[in-house]
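Student: Handing over target04.pdb, PDB, C-alpha atoms.
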MODEL        1
ATOM      1  CA  MET A   1      30.678 -22.296  -8.000
ATOM      2  CA  SER A   2      31.911 -18.843  -6.956
ATOM      3  CA  SER A   3      29.767 -17.272  -9.690
ATOM      4  CA  SER A   4      26.616 -18.360  -7.818
ATOM      5  CA  ILE A   5      27.543 -16.595  -4.548
ATOM      6  CA  PRO A   6      25.593 -13.431  -5.509
ATOM      7  CA  PHE A   7      22.668 -15.681  -6.405
ATOM      8  CA  GLU A   8      22.807 -17.330  -2.962
ATOM      9  CA  ARG A   9      22.760 -13.909  -1.325
ATOM     10  CA  TYR A  10      19.802 -12.888  -3.469
ATOM     11  CA  ASP A  11      18.064 -16.144  -2.529
ATOM     12  CA  GLU A  12      18.620 -15.487   1.191
ATOM     13  CA  GLU A  13      17.344 -11.927   0.845
ATOM     14  CA  PHE A  14      14.316 -13.152  -1.127
ATOM     15  CA  LEU A  15      13.535 -15.633   1.652
ATOM     16  CA  SER A  16      13.819 -12.854   4.233
ATOM     17  CA  LEU A  17      11.487 -10.577   2.238
ATOM     18  CA  THR A  18       8.886 -13.292   1.776
ATOM     19  CA  GLU A  19       8.967 -14.086   5.502
ATOM     20  CA  GLN A  20       8.408 -10.391   6.264
ATOM     21  CA  VAL A  21       5.483 -10.235   3.835
ATOM     22  CA  THR A  22       3.962 -13.352   5.376
ATOM     23  CA  SER A  23       4.314 -11.914   8.877
ATOM     24  CA  LYS A  24       2.575  -8.680   7.776
ATOM     25  CA  LEU A  25      -0.287 -10.486   6.001
ATOM     26  CA  ARG A  26      -0.927 -13.328   8.470
ATOM     27  CA  PRO A  27      -3.034 -11.243  10.922
ATOM     28  CA  LEU A  28      -5.032  -9.870   7.982
ATOM     29  CA  ASP A  29      -5.934 -13.234   6.448
ATOM     30  CA  PRO A  30      -9.726 -13.187   5.946
ATOM     31  CA  SER A  31      -9.948 -16.988   6.078
ATOM     32  CA  THR A  32      -8.700 -17.000   9.671
ATOM     33  CA  ALA A  33     -10.409 -13.784  10.807
ATOM     34  CA  SER A  34     -13.699 -14.373  12.572
ATOM     35  CA  SER A  35     -16.605 -11.963  12.609
ATOM     36  CA  SER A  36     -15.934 -11.145  16.250
ATOM     37  CA  THR A  37     -12.270 -10.347  15.604
ATOM     38  CA  SER A  38     -11.672  -6.889  14.258
ATOM     39  CA  LEU A  39      -8.716  -5.958  12.108
ATOM     40  CA  PRO A  40      -5.605  -4.743  13.901
ATOM     41  CA  PRO A  41      -5.246  -0.949  14.012
ATOM     42  CA  THR A  42      -2.123  -1.235  11.860
ATOM     43  CA  ALA A  43      -3.896  -3.177   9.105
ATOM     44  CA  GLU A  44      -3.634  -0.518   6.403
ATOM     45  CA  ALA A  45       0.016   0.211   7.244
ATOM     46  CA  ASP A  46       0.756  -3.523   7.208
ATOM     47  CA  VAL A  47      -0.795  -3.885   3.753
ATOM     48  CA  LYS A  48       1.226  -0.933   2.436
ATOM     49  CA  MET A  49       4.392  -2.404   3.922
ATOM     50  CA  ALA A  50       3.592  -5.802   2.399
ATOM     51  CA  HIS A  51       3.079  -4.123  -0.981
ATOM     52  CA  ASN A  52       6.472  -2.401  -0.762
ATOM     53  CA  LEU A  53       8.131  -5.646   0.295
ATOM     54  CA  LEU A  54       6.511  -7.431  -2.659
ATOM     55  CA  LEU A  55       7.927  -4.790  -5.007
ATOM     56  CA  GLN A  56      11.384  -5.342  -3.515
ATOM     57  CA  ALA A  57      10.992  -9.100  -3.874
ATOM     58  CA  ASP A  58       9.972  -8.665  -7.511
ATOM     59  CA  ASP A  59      13.072  -6.581  -8.225
ATOM     60  CA  LEU A  60      15.219  -9.116  -6.409
ATOM     61  CA  LEU A  61      13.678 -11.914  -8.446
ATOM     62  CA  LYS A  62      14.639 -10.100 -11.647
ATOM     63  CA  GLN A  63      18.222  -9.856 -10.384
ATOM     64  CA  MET A  64      18.189 -13.554  -9.518
ATOM     65  CA  GLY A  65      17.059 -14.347 -13.052
ATOM     66  CA  LEU A  66      19.862 -12.259 -14.526
ATOM     67  CA  GLU A  67      22.444 -13.949 -12.311
ATOM     68  CA  ALA A  68      21.105 -17.397 -13.167
ATOM     69  CA  ARG A  69      21.174 -16.750 -16.907
ATOM     70  CA  GLY A  70      24.723 -15.387 -16.646
ATOM     71  CA  VAL A  71      26.200 -18.645 -15.292
ATOM     72  CA  ASP A  72      28.373 -20.525 -17.796
ATOM     73  CA  ASP A  73      28.019 -24.045 -16.342
ATOM     74  CA  ALA A  74      24.846 -25.572 -17.865
ATOM     75  CA  ALA A  75      24.032 -27.800 -14.878
ATOM     76  CA  VAL A  76      24.387 -24.966 -12.364
ATOM     77  CA  LYS A  77      22.416 -22.665 -14.656
ATOM     78  CA  ARG A  78      19.573 -25.198 -14.870
ATOM     79  CA  ASP A  79      19.480 -25.545 -11.064
ATOM     80  CA  LEU A  80      19.508 -21.785 -10.516
ATOM     81  CA  LEU A  81      16.748 -21.207 -13.081
ATOM     82  CA  ALA A  82      14.686 -23.894 -11.327
ATOM     83  CA  LYS A  83      15.125 -21.973  -8.053
ATOM     84  CA  VAL A  84      14.011 -18.789  -9.820
ATOM     85  CA  ARG A  85      10.844 -20.544 -11.033
ATOM     86  CA  VAL A  86      10.086 -21.729  -7.487
ATOM     87  CA  CYS A  87      10.618 -18.179  -6.200
ATOM     88  CA  LYS A  88       8.313 -16.793  -8.910
ATOM     89  CA  THR A  89       5.594 -19.198  -7.813
ATOM     90  CA  ARG A  90       6.060 -18.201  -4.172
ATOM     91  CA  LEU A  91       5.903 -14.520  -5.108
ATOM     92  CA  ALA A  92       2.702 -15.089  -7.111
ATOM     93  CA  ASN A  93       1.138 -16.829  -4.094
ATOM     94  CA  LEU A  94       2.143 -13.942  -1.838
ATOM     95  CA  ARG A  95       0.623 -11.471  -4.305
ATOM     96  CA  ASP A  96      -2.643 -13.416  -4.137
ATOM     97  CA  ASP A  97      -2.504 -13.302  -0.342
ATOM     98  CA  TYR A  98      -1.802  -9.561  -0.510
ATOM     99  CA  GLU A  99      -4.779  -8.953  -2.817
ATOM    100  CA  SER A 100      -7.021 -11.008  -0.552
ATOM    101  CA  ALA A 101      -5.920  -9.070   2.543
ATOM    102  CA  LYS A 102      -6.271  -5.750   0.728
ATOM    103  CA  ASN A 103      -9.799  -6.604  -0.405
ATOM    104  CA  HIS A 104     -10.688  -7.725   3.123
ATOM    105  CA  ILE A 105      -9.489  -4.402   4.557
ATOM    106  CA  ASP A 106     -11.283  -2.411   1.860
ATOM    107  CA  ARG A 107     -14.524  -4.260   2.523
ATOM    108  CA  SER A 108     -14.107  -3.845   6.274
ATOM    109  CA  SER A 109     -13.513  -0.117   5.932
ATOM    110  CA  LEU A 110     -16.808   0.142   4.032
ATOM    111  CA  GLY A 111     -18.579  -2.034   6.578
ATOM    112  CA  LEU A 112     -19.472  -4.577   3.906
ATOM    113  CA  ASN A 113     -18.101  -7.617   5.744
ATOM    114  CA  GLU A 114     -20.414  -7.033   8.693
ATOM    115  CA  ASP A 115     -23.396  -6.407   6.414
ATOM    116  CA  ILE A 116     -22.768  -9.650   4.552
ATOM    117  CA  GLU A 117     -22.231 -11.638   7.743
ATOM    118  CA  LEU A 118     -25.435 -10.206   9.219
ATOM    119  CA  GLY A 119     -27.457 -10.956   6.113
ATOM    120  CA  GLY A 120     -27.474  -7.332   4.978
ATOM    121  CA  SER A 121     -28.924  -5.981   8.220
ATOM    122  CA  ASN A 122     -29.521  -6.858  11.798
ATOM    123  CA  GLY A 123     -32.373  -5.941  14.065
ATOM    124  CA  SER A 124     -30.515  -3.284  16.042
ATOM    125  CA  GLY A 125     -30.287   0.393  15.214
ATOM    126  CA  GLY A 126     -26.461   0.243  15.334
ATOM    127  CA  GLY A 127     -26.473  -2.124  12.390
ATOM    128  CA  ARG A 128     -28.766   0.196  10.456
ATOM    129  CA  ASN A 129     -26.523   3.175  11.128
ATOM    130  CA  ARG A 130     -23.522   1.225   9.936
ATOM    131  CA  THR A 131     -25.449   0.133   6.848
ATOM    132  CA  ASN A 132     -26.610   3.693   6.187
ATOM    133  CA  GLY A 133     -23.031   4.950   6.541
ATOM    134  CA  SER A 134     -21.866   2.270   4.116
ATOM    135  CA  LYS A 135     -24.606   3.207   1.662
ATOM    136  CA  GLU A 136     -23.645   6.876   1.896
ATOM    137  CA  ARG A 137     -20.001   6.052   1.201
ATOM    138  CA  LEU A 138     -20.975   3.809  -1.703
ATOM    139  CA  LEU A 139     -23.254   6.499  -3.155
ATOM    140  CA  SER A 140     -20.498   9.065  -2.783
ATOM    141  CA  ASN A 141     -18.058   6.729  -4.525
ATOM    142  CA  THR A 142     -20.608   6.097  -7.277
ATOM    143  CA  ASP A 143     -21.018   9.850  -7.815
ATOM    144  CA  THR A 144     -17.250  10.269  -7.977
ATOM    145  CA  LEU A 145     -16.946   7.450 -10.504
ATOM    146  CA  GLN A 146     -19.749   8.936 -12.621
ATOM    147  CA  SER A 147     -18.017  12.312 -12.604
ATOM    148  CA  GLN A 148     -14.751  10.699 -13.666
ATOM    149  CA  SER A 149     -16.533   8.759 -16.423
ATOM    150  CA  ASP A 150     -18.035  12.012 -17.713
ATOM    151  CA  THR A 151     -14.595  13.624 -17.694
ATOM    152  CA  LEU A 152     -13.175  10.693 -19.661
ATOM    153  CA  ALA A 153     -16.015  10.850 -22.186
ATOM    154  CA  ASN A 154     -15.366  14.576 -22.644
ATOM    155  CA  ALA A 155     -11.642  13.912 -23.118
ATOM    156  CA  ARG A 156     -12.415  11.242 -25.732
ATOM    157  CA  SER A 157     -14.628  13.613 -27.700
ATOM    158  CA  ILE A 158     -11.952  16.316 -27.609
ATOM    159  CA  MET A 159      -9.388  13.745 -28.733
ATOM    160  CA  ALA A 160     -11.606  12.681 -31.661
ATOM    161  CA  GLU A 161     -12.136  16.330 -32.650
ATOM    162  CA  THR A 162      -8.389  16.993 -32.461
ATOM    163  CA  GLU A 163      -7.716  13.930 -34.588
ATOM    164  CA  GLY A 164     -10.178  15.197 -37.216
ATOM    165  CA  VAL A 165      -8.483  18.603 -37.300
ATOM    166  CA  ALA A 166      -5.075  16.925 -37.608
ATOM    167  CA  LEU A 167      -6.284  14.869 -40.585
ATOM    168  CA  GLU A 168      -7.648  17.993 -42.286
ATOM    169  CA  ILE A 169      -4.347  19.821 -41.769
ATOM    170  CA  THR A 170      -2.409  16.837 -43.122
ATOM    171  CA  GLU A 171      -4.613  16.723 -46.229
ATOM    172  CA  GLU A 172      -4.231  20.475 -46.745
ATOM    173  CA  LEU A 173      -0.450  20.242 -46.407
ATOM    174  CA  GLY A 174      -0.473  17.424 -48.956
ATOM    175  CA  ARG A 175      -2.406  19.618 -51.421
ATOM    176  CA  HIS A 176       0.030  22.488 -50.852
ATOM    177  CA  ARG A 177       2.958  20.163 -51.447
ATOM    178  CA  GLU A 178       1.458  19.091 -54.786
ATOM    179  CA  THR A 179       0.911  22.732 -55.719
ATOM    180  CA  ILE A 180       4.518  23.619 -54.934
TER
ENDMDL
END
How does the structure come out when it is put into structure tokens?
Tutor:
Amino acid sequence: MSSSIPFERYDEEFLSLTEQVTSKLRPLDPSTASSSTSLPPTAEADVKMAHNLLLQADDLLKQMGLEARGVDDAAVKRDLLAKVRVCKTRLANLRDDYESAKNHIDRSSLGLNEDIELGGSNGSGGGRNRTNGSKERLLSNTDTLQSQSDTLANARSIMAETEGVALEITEELGRHRETI
């Protein structure tokens, strides 16, 4: 059983990482956040930290899988691989929670959550200013995306032209080879 000691340490560390991720994401959970409760000021930092912790947990999970597959005893190996599968499921659930929290923060930073909760607008001027600011940010983002799409289209056309030139050169080299 001494060969599974590193696995047990990995398992303990994985549990610690997942608890840290959960503690970072819990205050950001959109299902428990009410419209009157704003996000904590550390929300973006918490999401970044959760992302880094998830990356560490993923690496640790890979190590756990390697350790489990390296065990010679079939019964122990089966048990360890079952633990790895459980950990993979837990990590996938945490990733979903992370994505949900990240989307909630992104929407909040654009003011979209308030607009949706208020039915797109409220009667006060403050709501209109927030909506106008959100629209301006969205329009700016749309312009940026359009510019990037144009750049990609230009790159694709240059790539196609380069490919055509390469084919012509290859054909010409083939003719020269036949001549020689």
Student: How many Å separate CA of Ala57 in chain A from CA of Leu15 in chain A?
Tutor: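 Computing it gives 8.9 Å between the two atoms.
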Student: If we count only C-alpha atoms and set the cut-off at 9 Å, which residues sit around Ser4 in chain A, ignoring sequence neighbours fewer than 6 positions away in its own chain? Please answer as a PyMOL selection string.
Tutor: chain A and resi 67-68+71+76+80
Student: So, counting all atoms listed in the file, which residue among A:Val86, A:Ile169, A:Leu28, A:Val21 is closest to Ser108 in chain A?
Tutor: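 Between A:Val86, A:Ile169, A:Leu28, A:Val21, the residue approaching Ser108 in chain A most closely is A:Leu28.
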Student: Which one is closest to Asp29 in chain A: A:Leu54, A:Met64, A:Ala101, A:Val47? Count all atoms listed in the file.
Tutor: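 So, comparing all the options, the nearest one is A:Ala101.
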Student: Let me make sure I understand: among A:Leu60, A:Gly133, A:Leu25, A:Thr170, which one has the smallest atom-to-atom distance to Asp96 in chain A if we use only C-alpha atoms?
Tutor: A:Leu25
Student: Please measure the separation of CA of Leu53 in chain A and CA of Leu17 in chain A, giving the value in Å to one decimal.
Tutor: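 Atom-to-atom, CA of Leu53 in chain A and CA of Leu17 in chain A are spaced 6.3 Å apart.
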Student: Find the distance between CA of Gln56 in chain A and CA of Glu13 in chain A and write it in Å to one decimal.
Tutor: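 Rounded to one decimal, the two atoms are 9.9 Å apart.
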Student: So what does the PyMOL selection byres ((chain A and resi 105) around 8) actually pick up in this one, as an MDAnalysis selection string?
Tutor: chainID A and resid 28 39 43:44 101:104 106:109
Student: Given the PyMOL selection byres ((chain A and resi 7) around 12) and the file above, list the residues it selects as a PDB file with C-alpha atoms, in the frame of the given file.
Tutor:
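And here is the file that came out, selection28.pdb:
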ATOM      1  CA  MET A   1      30.678 -22.296  -8.000  1.00  0.00           C
ATOM      2  CA  SER A   2      31.911 -18.843  -6.956  1.00  0.00           C
ATOM      3  CA  SER A   3      29.767 -17.272  -9.690  1.00  0.00           C
ATOM      4  CA  SER A   4      26.616 -18.360  -7.818  1.00  0.00           C
ATOM      5  CA  ILE A   5      27.543 -16.595  -4.548  1.00  0.00           C
ATOM      6  CA  PRO A   6      25.593 -13.431  -5.509  1.00  0.00           C
ATOM      7  CA  GLU A   8      22.807 -17.330  -2.962  1.00  0.00           C
ATOM      8  CA  ARG A   9      22.760 -13.909  -1.325  1.00  0.00           C
ATOM      9  CA  TYR A  10      19.802 -12.888  -3.469  1.00  0.00           C
ATOM     10  CA  ASP A  11      18.064 -16.144  -2.529  1.00  0.00           C
ATOM     11  CA  GLU A  12      18.620 -15.487   1.191  1.00  0.00           C
ATOM     12  CA  GLU A  13      17.344 -11.927   0.845  1.00  0.00           C
ATOM     13  CA  PHE A  14      14.316 -13.152  -1.127  1.00  0.00           C
ATOM     14  CA  LEU A  60      15.219  -9.116  -6.409  1.00  0.00           C
ATOM     15  CA  LEU A  61      13.678 -11.914  -8.446  1.00  0.00           C
ATOM     16  CA  LYS A  62      14.639 -10.100 -11.647  1.00  0.00           C
ATOM     17  CA  GLN A  63      18.222  -9.856 -10.384  1.00  0.00           C
ATOM     18  CA  MET A  64      18.189 -13.554  -9.518  1.00  0.00           C
ATOM     19  CA  GLY A  65      17.059 -14.347 -13.052  1.00  0.00           C
ATOM     20  CA  LEU A  66      19.862 -12.259 -14.526  1.00  0.00           C
ATOM     21  CA  GLU A  67      22.444 -13.949 -12.311  1.00  0.00           C
ATOM     22  CA  ALA A  68      21.105 -17.397 -13.167  1.00  0.00           C
ATOM     23  CA  ARG A  69      21.174 -16.750 -16.907  1.00  0.00           C
ATOM     24  CA  GLY A  70      24.723 -15.387 -16.646  1.00  0.00           C
ATOM     25  CA  VAL A  71      26.200 -18.645 -15.292  1.00  0.00           C
ATOM     26  CA  VAL A  76      24.387 -24.966 -12.364  1.00  0.00           C
ATOM     27  CA  LYS A  77      22.416 -22.665 -14.656  1.00  0.00           C
ATOM     28  CA  ASP A  79      19.480 -25.545 -11.064  1.00  0.00           C
ATOM     29  CA  LEU A  80      19.508 -21.785 -10.516  1.00  0.00           C
ATOM     30  CA  LEU A  81      16.748 -21.207 -13.081  1.00  0.00           C
ATOM     31  CA  LYS A  83      15.125 -21.973  -8.053  1.00  0.00           C
ATOM     32  CA  VAL A  84      14.011 -18.789  -9.820  1.00  0.00           C
TER      33      VAL A  84
END
Student: Considering only C-alpha atoms, state which residue in the set A:Pro27, A:Ala82, A:Ser100, A:Leu110 is at the smallest distance from Lys135 in chain A.
Tutor: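 Ranking A:Pro27, A:Ala82, A:Ser100, A:Leu110 by distance to Lys135 in chain A, first place goes to A:Leu110.
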Student: Would you please work out which residue, of A:Glu19, A:Asp143, A:Glu172, A:Glu161, is nearest to Leu91 in chain A when using only C-alpha atoms?
Tutor: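 Going through A:Glu19, A:Asp143, A:Glu172, A:Glu161 one by one, the smallest distance to Leu91 in chain A is for A:Glu19.
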